[in-house]
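*Asks:* entry_8.cif is the file, holding mmCIF, C-alpha atoms:
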```cif
data_final
#
loop_
_atom_site.label_atom_id
_atom_site.label_comp_id
_atom_site.auth_asym_id
_atom_site.auth_seq_id
_atom_site.Cartn_x
_atom_site.Cartn_y
_atom_site.Cartn_z
CA MET A 1 17.55 16.47 -14.95
CA ARG A 2 21.24 16.57 -15.80
CA LEU A 3 22.61 13.87 -18.07
CA ALA A 4 25.21 12.84 -15.47
CA VAL A 5 22.47 12.22 -12.88
CA ARG A 6 20.45 10.13 -15.33
CA LEU A 7 23.50 8.05 -16.25
CA TYR A 8 24.43 7.57 -12.58
CA ARG A 9 20.94 6.37 -11.67
CA SER A 10 20.85 4.05 -14.68
CA LEU A 11 24.24 2.59 -13.75
CA ARG A 12 23.26 2.02 -10.09
CA ILE A 13 19.99 0.35 -11.04
CA GLY A 14 21.73 -1.82 -13.64
CA CYS A 15 24.43 -2.91 -11.17
CA ALA A 16 21.81 -3.79 -8.54
CA ALA A 17 19.83 -5.81 -11.09
CA ALA A 18 23.00 -7.66 -12.18
CA ALA A 19 23.93 -8.44 -8.57
CA ILE A 20 20.47 -9.85 -7.83
CA TYR A 21 20.48 -11.88 -11.04
CA GLY A 22 23.87 -13.32 -10.10
CA LEU A 23 22.67 -14.27 -6.62
CA TYR A 24 20.12 -16.62 -8.12
CA LYS A 25 21.77 -17.76 -11.35
CA VAL A 26 25.40 -18.44 -10.39
CA PRO A 27 24.48 -21.08 -7.75
CA THR A 28 21.99 -22.62 -10.20
CA TRP A 29 24.63 -22.95 -12.90
CA SER A 30 27.10 -24.41 -10.40
CA ARG A 31 24.57 -27.01 -9.19
CA LYS A 32 23.81 -28.02 -12.78
CA LEU A 33 27.52 -28.52 -13.52
CA LEU A 34 27.91 -30.61 -10.37
CA GLY A 35 24.64 -32.48 -10.86
CA ARG A 36 23.16 -31.30 -7.57
CA PRO A 37 19.41 -30.65 -7.06
CA GLU A 38 17.92 -27.21 -6.50
CA PRO A 39 17.25 -26.42 -2.82
CA GLU A 40 13.64 -26.39 -1.67
CA ARG A 41 14.11 -23.07 0.14
CA ARG A 42 16.21 -20.05 -0.72
CA THR A 43 15.50 -17.92 2.33
CA ALA A 44 19.03 -16.53 2.66
CA THR A 45 19.22 -15.72 -1.06
CA HIS A 46 15.84 -13.98 -0.98
CA GLU A 47 16.94 -11.89 2.01
CA ARG A 48 20.24 -10.87 0.36
CA ALA A 49 18.45 -9.91 -2.85
CA ALA A 50 15.89 -7.86 -0.94
CA ARG A 51 18.62 -6.05 1.00
CA ILE A 52 20.33 -5.08 -2.25
CA MET A 53 17.01 -3.67 -3.46
CA LEU A 54 16.44 -1.87 -0.16
CA HIS A 55 19.93 -0.33 -0.07
CA THR A 56 19.69 0.85 -3.68
CA ALA A 57 16.22 2.31 -3.13
CA LEU A 58 17.17 4.21 0.03
CA SER A 59 20.31 5.54 -1.70
CA LEU A 60 18.58 6.74 -4.87
CA ARG A 61 15.14 7.42 -3.30
CA GLY A 62 12.27 8.39 -5.55
CA VAL A 63 10.42 5.76 -7.53
CA LEU A 64 12.72 2.94 -6.43
CA ILE A 65 11.37 3.26 -2.89
CA LYS A 66 7.86 3.16 -4.29
CA PHE A 67 8.73 0.09 -6.38
CA CYS A 68 10.01 -1.70 -3.28
CA GLN A 69 6.81 -0.72 -1.47
CA VAL A 70 4.77 -2.23 -4.31
CA ILE A 71 6.79 -5.46 -4.12
CA ALA A 72 6.23 -5.53 -0.34
CA THR A 73 2.47 -5.57 -0.99
CA ARG A 74 2.61 -8.44 -3.51
CA ALA A 75 2.71 -11.43 -1.19
CA ASP A 76 0.86 -13.26 -3.95
CA ILE A 77 4.03 -13.17 -6.07
CA PHE A 78 7.13 -12.71 -3.92
CA PRO A 79 8.36 -14.97 -1.08
CA PRO A 80 7.98 -13.93 2.59
CA PRO A 81 11.70 -13.05 3.18
CA VAL A 82 11.52 -10.44 0.38
CA ILE A 83 8.28 -9.01 1.76
CA GLU A 84 9.67 -8.74 5.30
CA VAL A 85 12.84 -6.89 4.25
CA LEU A 86 11.13 -4.48 1.87
CA LYS A 87 8.43 -3.57 4.41
CA GLN A 88 11.11 -1.28 5.87
CA CYS A 89 10.58 1.04 2.91
CA HIS A 90 7.42 2.31 4.60
CA ASP A 91 9.36 3.59 7.63
CA ALA A 92 12.98 4.15 6.63
CA VAL A 93 12.61 6.88 4.00
CA PRO A 94 15.17 9.71 4.45
CA SER A 95 13.89 13.30 4.31
CA HIS A 96 15.08 16.07 1.98
CA PRO A 97 16.83 19.23 3.26
CA ILE A 98 14.55 22.09 4.30
CA GLU A 99 16.23 24.39 1.75
CA GLU A 100 14.94 22.24 -1.12
CA ILE A 101 11.48 22.05 0.42
CA ARG A 102 11.30 25.81 1.03
CA ALA A 103 12.28 26.54 -2.58
CA GLN A 104 9.68 24.08 -3.88
CA VAL A 105 6.87 25.62 -1.81
CA GLU A 106 7.79 29.15 -2.88
CA ARG A 107 7.92 28.11 -6.55
CA GLU A 108 4.52 26.46 -6.37
CA LEU A 109 2.73 29.18 -4.40
CA GLY A 110 4.51 32.05 -6.16
CA LYS A 111 5.25 33.77 -2.86
CA PRO A 112 7.92 33.80 -0.17
CA LEU A 113 7.25 31.32 2.62
CA GLY A 114 6.73 34.18 5.09
CA ALA A 115 3.91 35.60 2.96
CA VAL A 116 1.82 32.49 3.60
CA PHE A 117 3.03 30.97 6.87
CA GLN A 118 4.03 32.60 10.13
CA GLU A 119 5.73 29.31 11.07
CA PHE A 120 7.09 26.43 8.99
CA GLU A 121 8.90 23.74 10.97
CA PRO A 122 12.14 22.58 9.30
CA GLU A 123 11.90 18.99 10.59
CA PRO A 124 9.27 16.98 8.72
CA LEU A 125 6.45 15.19 10.48
CA ALA A 126 6.84 12.37 7.97
CA ALA A 127 8.87 11.53 4.86
CA ALA A 128 7.77 9.24 2.05
CA SER A 129 9.05 8.22 -1.38
CA LEU A 130 7.55 11.14 -3.32
CA ALA A 131 6.95 13.85 -0.72
CA GLN A 132 7.30 14.87 2.90
CA VAL A 133 4.99 16.62 5.36
CA HIS A 134 5.81 19.66 7.51
CA ARG A 135 3.88 21.29 10.32
CA ALA A 136 3.17 24.98 9.68
CA VAL A 137 0.97 27.84 10.88
CA LEU A 138 -0.90 30.11 8.48
CA LEU A 139 -0.80 33.88 8.92
CA ASP A 140 -4.26 33.79 10.51
CA GLY A 141 -2.99 31.35 13.16
CA ARG A 142 -4.51 28.12 11.88
CA PRO A 143 -2.15 25.12 12.20
CA VAL A 144 -1.74 23.11 9.00
CA ALA A 145 0.15 20.12 7.64
CA VAL A 146 1.90 20.90 4.34
CA LYS A 147 2.70 18.01 2.02
CA VAL A 148 5.47 18.95 -0.41
CA GLN A 149 6.44 16.94 -3.48
CA TYR A 150 10.19 16.55 -3.88
CA PRO A 151 11.80 18.84 -6.48
CA ASP A 152 12.38 17.20 -9.87
CA ILE A 153 10.65 14.00 -8.70
CA GLU A 154 8.62 13.73 -11.92
CA ARG A 155 11.77 13.56 -14.07
CA ILE A 156 13.37 11.11 -11.64
CA VAL A 157 10.25 8.95 -11.88
CA ALA A 158 10.35 9.03 -15.68
CA THR A 159 14.04 8.08 -15.76
CA ASP A 160 13.72 5.26 -13.24
CA LEU A 161 10.59 3.81 -14.84
CA ALA A 162 12.34 3.76 -18.22
CA ASN A 163 15.32 1.96 -16.66
CA MET A 164 13.09 -0.61 -14.96
CA ARG A 165 11.08 -1.27 -18.12
CA ARG A 166 14.29 -1.81 -20.05
CA LEU A 167 15.66 -4.25 -17.46
CA CYS A 168 12.37 -6.15 -17.26
CA ARG A 169 12.23 -6.58 -21.03
CA VAL A 170 15.79 -7.90 -21.11
CA TYR A 171 15.10 -10.23 -18.17
CA GLU A 172 11.87 -11.64 -19.62
CA ARG A 173 13.26 -11.99 -23.16
CA PHE A 174 16.50 -13.79 -22.40
CA ASP A 175 15.54 -15.64 -19.24
CA PRO A 176 11.76 -16.19 -19.07
CA GLN A 177 10.58 -16.76 -15.50
CA PRO A 178 7.26 -17.51 -13.80
CA ILE A 179 7.34 -14.04 -12.22
CA GLU A 180 6.47 -11.41 -14.82
CA LEU A 181 7.99 -8.14 -13.64
CA LEU A 182 6.86 -5.83 -16.44
CA PRO A 183 3.20 -5.85 -15.28
CA LEU A 184 4.42 -4.70 -11.85
CA VAL A 185 6.15 -1.71 -13.45
CA THR A 186 2.95 -0.97 -15.38
CA GLU A 187 0.97 -1.17 -12.14
CA LEU A 188 3.48 1.11 -10.42
CA THR A 189 3.25 3.62 -13.28
CA ALA A 190 -0.53 3.80 -12.87
CA HIS A 191 -0.22 4.32 -9.10
CA LEU A 192 2.40 7.05 -9.53
CA GLU A 193 0.24 8.97 -11.98
CA LEU A 194 -2.38 9.14 -9.23
CA GLU A 195 -0.01 9.97 -6.38
CA LEU A 196 1.91 12.74 -8.17
CA ASP A 197 -1.22 14.87 -8.58
CA PHE A 198 -1.98 16.49 -5.21
CA LEU A 199 -5.09 18.20 -6.55
CA ARG A 200 -6.52 14.76 -7.28
CA GLU A 201 -5.57 13.73 -3.74
CA ALA A 202 -7.48 16.75 -2.44
CA ASP A 203 -10.54 15.66 -4.44
CA CYS A 204 -10.25 12.13 -3.01
CA ALA A 205 -10.03 13.47 0.55
CA ASP A 206 -13.16 15.55 -0.03
CA ARG A 207 -14.97 12.53 -1.44
CA ILE A 208 -14.15 10.32 1.56
CA ARG A 209 -15.09 13.12 3.96
CA GLU A 210 -18.47 13.49 2.26
CA LEU A 211 -19.01 9.73 2.50
CA PHE A 212 -18.73 9.89 6.29
CA GLU A 213 -20.17 13.40 6.74
CA LYS A 214 -23.32 12.19 8.52
CA ASP A 215 -21.42 9.45 10.33
CA GLY A 216 -19.68 11.67 12.88
CA THR A 217 -16.99 9.14 13.80
CA VAL A 218 -14.45 9.67 10.98
CA VAL A 219 -12.11 12.64 10.65
CA VAL A 220 -10.62 13.59 7.28
CA PRO A 221 -8.50 16.78 7.27
CA ARG A 222 -9.99 19.67 5.32
CA ILE A 223 -7.94 20.96 2.40
CA HIS A 224 -6.87 24.60 2.12
CA ARG A 225 -7.36 24.92 -1.63
CA GLU A 226 -5.99 28.46 -1.83
CA TRP A 227 -2.57 27.19 -0.70
CA SER A 228 -2.59 23.92 -2.63
CA THR A 229 -1.26 23.06 -6.08
CA ARG A 230 -0.43 19.90 -8.00
CA ARG A 231 2.82 19.64 -5.97
CA VAL A 232 1.94 21.27 -2.62
CA LEU A 233 -1.00 20.28 -0.42
CA ALA A 234 -1.98 22.34 2.62
CA MET A 235 -4.46 20.66 4.93
CA GLU A 236 -5.95 20.95 8.38
CA LEU A 237 -3.57 19.66 11.06
CA VAL A 238 -5.32 16.95 13.04
CA GLY A 239 -3.89 14.88 15.85
CA GLY A 240 -4.60 11.67 17.66
CA ILE A 241 -3.12 8.49 19.03
CA LYS A 242 -1.24 6.30 16.57
CA ILE A 243 -3.51 3.39 15.73
CA THR A 244 -1.04 0.74 16.97
CA GLU A 245 -0.32 2.32 20.40
CA ARG A 246 -2.40 -0.02 22.55
CA ASP A 247 -1.41 1.40 25.95
CA ALA A 248 -2.13 4.99 24.89
CA ILE A 249 -5.52 3.90 23.52
CA ARG A 250 -6.37 2.25 26.82
CA ASP A 251 -5.14 5.27 28.77
CA ALA A 252 -7.61 7.38 26.77
CA GLY A 253 -10.43 5.19 28.09
CA LEU A 254 -10.96 3.32 24.81
CA ARG A 255 -11.13 -0.44 24.25
CA PRO A 256 -8.65 -1.58 21.57
CA ALA A 257 -11.17 -4.19 20.37
CA ASP A 258 -13.72 -1.42 19.74
CA VAL A 259 -11.14 0.62 17.82
CA VAL A 260 -10.29 -2.38 15.63
CA GLN A 261 -13.95 -3.09 14.90
CA GLU A 262 -14.61 0.56 14.08
CA LEU A 263 -11.66 0.57 11.70
CA MET A 264 -13.02 -2.52 9.95
CA ARG A 265 -16.46 -0.87 9.69
CA ILE A 266 -14.95 2.20 8.04
CA TYR A 267 -13.05 0.22 5.40
CA THR A 268 -15.92 -2.16 4.83
CA ARG A 269 -18.16 0.79 4.08
CA MET A 270 -15.63 2.29 1.65
CA ILE A 271 -14.87 -0.98 -0.16
CA LEU A 272 -18.16 -2.88 -0.17
CA ALA A 273 -20.70 -0.07 -0.06
CA ALA A 274 -19.11 2.97 -1.73
CA GLY A 275 -16.68 1.22 -4.09
CA PHE A 276 -14.09 3.92 -3.39
CA PHE A 277 -11.45 3.65 -0.69
CA GLN A 278 -8.19 4.90 0.73
CA ALA A 279 -5.89 2.03 -0.25
CA ASP A 280 -2.93 2.63 2.06
CA PRO A 281 -4.05 2.08 5.68
CA HIS A 282 -0.64 1.63 7.28
CA PRO A 283 -0.17 2.83 10.90
CA GLY A 284 1.35 6.16 9.84
CA ASN A 285 -1.91 7.12 8.12
CA LEU A 286 -4.34 6.15 10.89
CA PHE A 287 -4.99 7.72 14.29
CA VAL A 288 -7.70 7.53 16.92
CA GLN A 289 -8.79 10.51 18.99
CA PRO A 290 -9.69 10.31 22.72
CA ASP A 291 -13.39 10.50 21.86
CA GLY A 292 -13.07 7.41 19.64
CA LYS A 293 -13.10 9.16 16.27
CA VAL A 294 -10.78 7.61 13.66
CA VAL A 295 -8.51 9.93 11.65
CA LEU A 296 -7.75 8.98 8.02
CA LEU A 297 -4.73 10.58 6.32
CA ASP A 298 -3.03 10.42 2.91
CA PHE A 299 -5.39 9.89 -0.01
CA GLY A 300 -2.77 9.78 -2.76
CA LEU A 301 -3.49 6.11 -3.36
CA SER A 302 -7.29 6.14 -3.38
CA LYS A 303 -9.01 3.69 -5.69
CA GLU A 304 -12.30 3.49 -7.55
CA LEU A 305 -13.40 -0.15 -7.70
CA PRO A 306 -15.15 -1.59 -10.76
CA GLU A 307 -18.90 -1.86 -10.60
CA GLY A 308 -19.93 -5.10 -8.95
CA PHE A 309 -16.58 -5.66 -7.21
CA GLY A 310 -18.06 -5.23 -3.74
CA LEU A 311 -20.80 -7.74 -4.50
CA GLY A 312 -18.25 -10.22 -5.85
CA LEU A 313 -16.15 -9.87 -2.70
CA PHE A 314 -19.22 -10.38 -0.51
CA GLU A 315 -20.16 -13.48 -2.52
CA LEU A 316 -16.66 -14.87 -2.04
CA MET A 317 -16.87 -14.40 1.73
CA PHE A 318 -20.37 -15.89 1.88
CA SER A 319 -19.34 -18.91 -0.23
CA MET A 320 -16.46 -19.58 2.18
CA MET A 321 -18.86 -19.39 5.10
CA THR A 322 -21.25 -21.90 3.52
CA LEU A 323 -18.50 -24.04 1.91
CA ASN A 324 -20.27 -23.63 -1.44
CA GLU A 325 -17.62 -24.56 -3.99
CA SER A 326 -19.56 -23.56 -7.10
CA ALA A 327 -20.21 -20.13 -5.54
CA MET A 328 -16.48 -19.80 -4.72
CA ILE A 329 -15.57 -20.42 -8.36
CA ARG A 330 -18.19 -17.96 -9.60
CA ALA A 331 -17.04 -15.29 -7.15
CA PHE A 332 -13.36 -15.63 -8.13
CA GLN A 333 -14.27 -15.36 -11.80
CA GLU A 334 -16.46 -12.31 -11.21
CA LEU A 335 -13.55 -10.68 -9.39
CA GLY A 336 -11.35 -11.19 -12.47
CA PHE A 337 -9.15 -14.17 -11.55
CA GLU A 338 -7.86 -16.41 -14.34
CA THR A 339 -5.73 -19.57 -14.47
CA LYS A 340 -3.25 -20.82 -17.05
CA THR A 341 -5.19 -23.97 -17.79
CA GLY A 342 -8.72 -22.72 -17.14
CA ASP A 343 -9.00 -25.28 -14.34
CA THR A 344 -11.38 -23.63 -11.89
CA SER A 345 -10.61 -26.16 -9.14
CA THR A 346 -7.58 -23.99 -8.40
CA PHE A 347 -9.92 -21.36 -6.98
CA VAL A 348 -11.45 -23.88 -4.58
CA ALA A 349 -7.96 -24.94 -3.48
CA ILE A 350 -7.04 -21.30 -2.78
CA ALA A 351 -10.18 -20.71 -0.72
CA ARG A 352 -9.71 -23.94 1.22
CA ARG A 353 -6.07 -23.08 1.97
CA MET A 354 -7.23 -19.80 3.44
CA MET A 355 -9.91 -21.48 5.54
CA THR A 356 -7.44 -23.97 7.04
CA ARG A 357 -6.12 -21.09 9.17
CA SER A 358 -9.56 -20.52 10.69
CA ASP A 359 -10.38 -22.28 13.95
CA THR A 360 -13.55 -23.79 12.48
CA GLY A 361 -12.31 -24.56 8.95
CA ARG A 362 -14.63 -22.00 7.40
CA PHE A 363 -14.77 -18.22 7.09
CA GLU A 364 -16.82 -16.69 9.91
CA GLY A 365 -16.18 -13.04 9.29
CA GLU A 366 -12.79 -12.64 10.96
CA PHE A 367 -9.76 -11.76 8.87
CA THR A 368 -6.52 -12.68 10.63
CA GLU A 369 -2.94 -12.23 9.52
CA GLU A 370 -2.64 -16.00 9.23
CA MET A 371 -5.64 -16.19 6.89
CA THR A 372 -4.46 -13.39 4.60
CA ASP A 373 -0.91 -14.78 4.56
CA GLU A 374 -2.30 -18.20 3.63
CA LEU A 375 -4.41 -16.66 0.88
CA PHE A 376 -1.40 -15.02 -0.77
CA SER A 377 0.75 -18.13 -0.29
CA ALA A 378 -1.90 -20.24 -2.02
CA ILE A 379 -2.09 -17.78 -4.90
CA ARG A 380 1.70 -17.72 -5.22
CA GLU A 381 1.95 -21.52 -5.34
CA ASN A 382 -0.95 -22.18 -7.72
CA PRO A 383 -0.92 -21.50 -11.48
CA VAL A 384 -2.82 -18.23 -11.26
CA VAL A 385 -1.71 -16.01 -14.12
CA ARG A 386 -3.92 -13.01 -13.47
CA VAL A 387 -4.70 -11.68 -10.03
CA PRO A 388 -6.65 -8.44 -10.56
CA SER A 389 -4.83 -5.44 -9.13
CA ASP A 390 -8.03 -4.28 -7.44
CA PHE A 391 -8.16 -7.51 -5.47
CA VAL A 392 -4.49 -7.14 -4.51
CA LEU A 393 -5.14 -3.65 -3.15
CA VAL A 394 -8.21 -4.77 -1.23
CA GLY A 395 -6.41 -7.87 0.04
CA ARG A 396 -3.53 -5.66 1.16
CA VAL A 397 -5.99 -3.44 3.05
CA PHE A 398 -7.43 -6.39 4.96
CA SER A 399 -3.92 -7.69 5.60
CA LEU A 400 -2.83 -4.33 7.03
CA LEU A 401 -6.00 -4.11 9.12
CA SER A 402 -5.41 -7.60 10.49
CA GLY A 403 -1.84 -6.56 11.36
CA ILE A 404 -3.16 -3.53 13.25
CA ALA A 405 -5.68 -5.76 15.03
CA HIS A 406 -2.86 -8.10 16.04
CA SER A 407 -0.87 -5.15 17.44
CA LEU A 408 -3.88 -4.19 19.55
CA GLY A 409 -4.52 -7.76 20.68
CA ALA A 410 -7.91 -7.99 18.97
CA ARG A 411 -9.73 -9.34 15.94
CA ALA A 412 -12.19 -7.62 13.63
CA ASN A 413 -15.28 -9.26 12.19
CA VAL A 414 -16.11 -8.01 8.71
CA LEU A 415 -19.69 -9.31 8.87
CA GLU A 416 -20.41 -7.38 12.07
CA ALA A 417 -18.72 -4.37 10.47
CA MET A 418 -21.04 -4.65 7.46
CA GLY A 419 -24.08 -4.64 9.73
CA ALA A 420 -22.82 -1.64 11.70
CA SER A 421 -21.93 0.19 8.49
CA THR A 422 -25.43 -0.39 7.09
CA ALA A 423 -27.01 0.92 10.30
CA ALA A 424 -24.75 4.01 10.32
CA SER A 425 -25.40 4.86 6.67
CA GLY A 426 -29.13 4.26 7.06
#
```
Translate this structure into structure tokens?

*Replies:*
Amino acid sequence: MRLAVRLYRSLRIGCAAAAIYGLYKVPTWSRKLLGRPEPERRTATHERAARIMLHTALSLRGVLIKFCQVIATRADIFPPPVIEVLKQCHDAVPSHPIEEIRAQVERELGKPLGAVFQEFEPEPLAAASLAQVHRAVLLDGRPVAVKVQYPDIERIVATDLANMRRLCRVYERFDPQPIELLPLVTELTAHLELELDFLREADCADRIRELFEKDGTVVVPRIHREWSTRRVLAMELVGGIKITERDAIRDAGLRPADVVQELMRIYTRMILAAGFFQADPHPGNLFVQPDGKVVLLDFGLSKELPEGFGLGLFELMFSMMTLNESAMIRAFQELGFETKTGDTSTFVAIARRMMTRSDTGRFEGEFTEEMTDELFSAIRENPVVRVPSDFVLVGRVFSLLSGIAHSLGARANVLEAMGASTAASG
């Protein structure tokens, strides 16, 4: 990457960081000088800060978009106005010109585009922070979806991560805050290492397909290995109805409630039974076919859970059903939660906050958006210093699934899903 580009990106990121810092600190300094108290809410300030982040990310693209996406998943740390604004990063990513994409594919495959594809549509089917997907047709007539990593994205990632680490160290050294940002950059780095390797993504897709091979109700696109590299992924083109299109699902003769419950069964089986799951179930990655089969796409962020995690999660749910406080504490500890003071009563408070959003005051197997939002709010407000990243990813999955259920006007019961998953796997 040219020095001028690196300097430009560093300057833009530094200016955005300074602007956000000023949004929070200048009013604080002014109130101290005037002897005024801090406001209880800073909704407008949070929104302005998030919009600065969003504008900078969409302008510079690359890892900054991914960083905003990570922040948008951390409702346990950041306030709701920030989460709501940065959610747009999942849908508002601009695509790269077809000339750049064509050159990247030809470099990776070592052949002209016409030697592999008889058709390659210039407009992408989807664009994300690291890559975009194009519809194409192989020479033998098979339709495929081709995922192409953006040119020079690895160097852009390295530059931006270095800038963010530098800013986080300065921020945390000279103005220590309750929110530690450096661990988020470390978490992002780990995710990016996974997502930048398309051959690993191909392996993950194969693994999930094998998991549901005897199931018959889950579709995972097959990978064309001969036309795939670390930066280009050619896969079977599969279609379906977008998972949030309720009217289209009904028109196909399907019940939205059944679709929601099937989706919960699939993720319950991956998380609790297999300990390996696709960790990004947003509506752009999920479809349902007219025969009721669910299509799973995009396995870049697939996660292997630690041994015993599924059991710990089940114990947490069961303890909330039975209102067993000692079991709640044990389950949180087994999942890897820690508190500043070692006071385990915090875990009970978190669980009880979550259960207040249930109609009965206890967990009965249904995850709703209100319950997951309350869970992350409770974590954010209590002195929890370590929320295991695996739990955050799983919590995000259930939150996204509950959002999909809400869009379809239904609820999903995880306990029923566990029973159905056991029957299907048996």

*Asks:* Can you work out which one of A:Leu254, A:Leu297, A:Met328, A:Val394 has the shortest atom-to-atom distance to Val218 in chain A, counting only C-alpha atoms?

*Replies:* A:Leu297

*Asks:* Evaluate the PyMOL selection byres ((chain A and resi 257) around 10) on the structure here and hand back the selected residues as a PyMOL selection string.

*Replies:* chain A and resi 246+254-256+258-263+405+408-412

*Asks:* Report the residues retrieved by the PyMOL selection byres ((chain A and resi 191) around 12) from the displayed file, expressed as JSON, numbers by chain.

*Replies:* {"A": [63, 66, 67, 69, 70, 130, 157, 184, 185, 186, 187, 188, 189, 190, 192, 193, 194, 195, 196, 197, 279, 280, 299, 300, 301, 302, 303, 389, 390, 393]}

*Asks:* Using only C-alpha atoms, please write the residues we just selected to a file, as an mmCIF file, in the coordinates of the input.

*Replies:*
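out.cif was written with the following content:
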```cif
data_model
loop_
_atom_site.group_PDB
_atom_site.id
_atom_site.type_symbol
_atom_site.label_atom_id
_atom_site.label_comp_id
_atom_site.auth_asym_id
_atom_site.auth_seq_id
_atom_site.Cartn_x
_atom_site.Cartn_y
_atom_site.Cartn_z
ATOM 1 C CA VAL A 63 10.420 5.760 -7.530
ATOM 2 C CA LYS A 66 7.860 3.160 -4.290
ATOM 3 C CA PHE A 67 8.730 0.090 -6.380
ATOM 4 C CA GLN A 69 6.810 -0.720 -1.470
ATOM 5 C CA VAL A 70 4.770 -2.230 -4.310
ATOM 6 C CA LEU A 130 7.550 11.140 -3.320
ATOM 7 C CA VAL A 157 10.250 8.950 -11.880
ATOM 8 C CA LEU A 184 4.420 -4.700 -11.850
ATOM 9 C CA VAL A 185 6.150 -1.710 -13.450
ATOM 10 C CA THR A 186 2.950 -0.970 -15.380
ATOM 11 C CA GLU A 187 0.970 -1.170 -12.140
ATOM 12 C CA LEU A 188 3.480 1.110 -10.420
ATOM 13 C CA THR A 189 3.250 3.620 -13.280
ATOM 14 C CA ALA A 190 -0.530 3.800 -12.870
ATOM 15 C CA LEU A 192 2.400 7.050 -9.530
ATOM 16 C CA GLU A 193 0.240 8.970 -11.980
ATOM 17 C CA LEU A 194 -2.380 9.140 -9.230
ATOM 18 C CA GLU A 195 -0.010 9.970 -6.380
ATOM 19 C CA LEU A 196 1.910 12.740 -8.170
ATOM 20 C CA ASP A 197 -1.220 14.870 -8.580
ATOM 21 C CA ALA A 279 -5.890 2.030 -0.250
ATOM 22 C CA ASP A 280 -2.930 2.630 2.060
ATOM 23 C CA PHE A 299 -5.390 9.890 -0.010
ATOM 24 C CA GLY A 300 -2.770 9.780 -2.760
ATOM 25 C CA LEU A 301 -3.490 6.110 -3.360
ATOM 26 C CA SER A 302 -7.290 6.140 -3.380
ATOM 27 C CA LYS A 303 -9.010 3.690 -5.690
ATOM 28 C CA SER A 389 -4.830 -5.440 -9.130
ATOM 29 C CA ASP A 390 -8.030 -4.280 -7.440
ATOM 30 C CA LEU A 393 -5.140 -3.650 -3.150
#
```

*Asks:* Since I can't run it myself right now, could you work out what the PyMOL selection byres ((chain A and resi 294) around 9) selects here and report it as a list of chain:residue names?

*Replies:*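 Against this file, the PyMOL selection byres ((chain A and resi 294) around 9) returns the residues A:Thr217, A:Val218, A:Val219, A:Val220, A:Gly240, A:Ile243, A:Val259, A:Glu262, A:Leu263, A:Ile266, A:Leu286, A:Phe287, A:Val288, A:Gln289, A:Gly292, A:Lys293, A:Val295, A:Leu296.
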
*Asks:* Go ahead and write the selection's residues with C-alpha atoms as a CSV table (one decimal), in the frame of the given file.

*Replies:*
```csv
chain,number,residue,atom,x,y,z
A,217,THR,CA,-17.0,9.1,13.8
A,218,VAL,CA,-14.4,9.7,11.0
A,219,VAL,CA,-12.1,12.6,10.6
A,220,VAL,CA,-10.6,13.6,7.3
A,240,GLY,CA,-4.6,11.7,17.7
A,243,ILE,CA,-3.5,3.4,15.7
A,259,VAL,CA,-11.1,0.6,17.8
A,262,GLU,CA,-14.6,0.6,14.1
A,263,LEU,CA,-11.7,0.6,11.7
A,266,ILE,CA,-15.0,2.2,8.0
A,286,LEU,CA,-4.3,6.2,10.9
A,287,PHE,CA,-5.0,7.7,14.3
A,288,VAL,CA,-7.7,7.5,16.9
A,289,GLN,CA,-8.8,10.5,19.0
A,292,GLY,CA,-13.1,7.4,19.6
A,293,LYS,CA,-13.1,9.2,16.3
A,295,VAL,CA,-8.5,9.9,11.6
A,296,LEU,CA,-7.8,9.0,8.0
```

*Asks:* Tell me, as a list of chain:residue names, which residues lie within 12 Å of Ala18 in chain A, counting all atoms listed in the file; anything in the same chain fewer than 4 positions away does not count.

*Replies:*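 So, after excluding close chain neighbours, the residues are A:Leu11, A:Arg12, A:Ile13, A:Gly14, A:Gly22, A:Leu23, A:Tyr24, A:Lys25, A:Val26, A:Ala49, A:Ile52, A:Met53, A:Leu167, A:Cys168, A:Val170, A:Tyr171.
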
*Asks:* Neighbouring residues of range 95-97 of chain A were defined as those with any atom within 7 Å, considering all atoms listed in the file; residues of the same chain fewer than 2 positions away were excluded. Please report them as a list in words.

*Replies:*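 Here the qualifying residues turn out to be Val93, Glu99, Glu100, Ile101, Ala127 and Gln132 of chain A.
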
*Asks:* Please report, as a tab-separated table, each residue of range 206-293 of chain A lying at most 9 Å from range 305-313 of chain A, together with the nearest pair of atoms and the separation in Å rounded to one decimal; use all atoms listed in the file, and order rows by chain and ascending residue number.

*Replies:*
```
residue	atom	partner	partner_atom	distance
A:Ile271	CA	A:Gly310	CA	6.4
A:Leu272	CA	A:Gly310	CA	4.3
A:Ala273	CA	A:Gly310	CA	6.9
A:Ala274	CA	A:Gly310	CA	8.5
A:Gly275	CA	A:Leu305	CA	5.1
A:Phe276	CA	A:Leu305	CA	6.0
A:Phe277	CA	A:Leu305	CA	8.2
```

*Asks:* If you measure from CA of Phe120 in chain A to CA of Val133 in chain A, what distance in Å do you get, rounded to one decimal?

*Replies:*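 Between these atoms lies a distance of 10.7 Å.
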
*Asks:* Mind giving me the straight-line distance from CA of Arg353 in chain A to CA of Leu323 in chain A in Å, one decimal?

*Replies:*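 So the answer is 12.5 Å.
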
*Asks:* Counting all atoms listed in the file, figure out which residue out of A:Asp291, A:Asp203, A:Glu315, A:Glu210 gets nearest to His224 in chain A.

*Replies:*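 Checking each of A:Asp291, A:Asp203, A:Glu315, A:Glu210 against His224 in chain A, counting all atoms listed in the file, the winner is A:Asp203.
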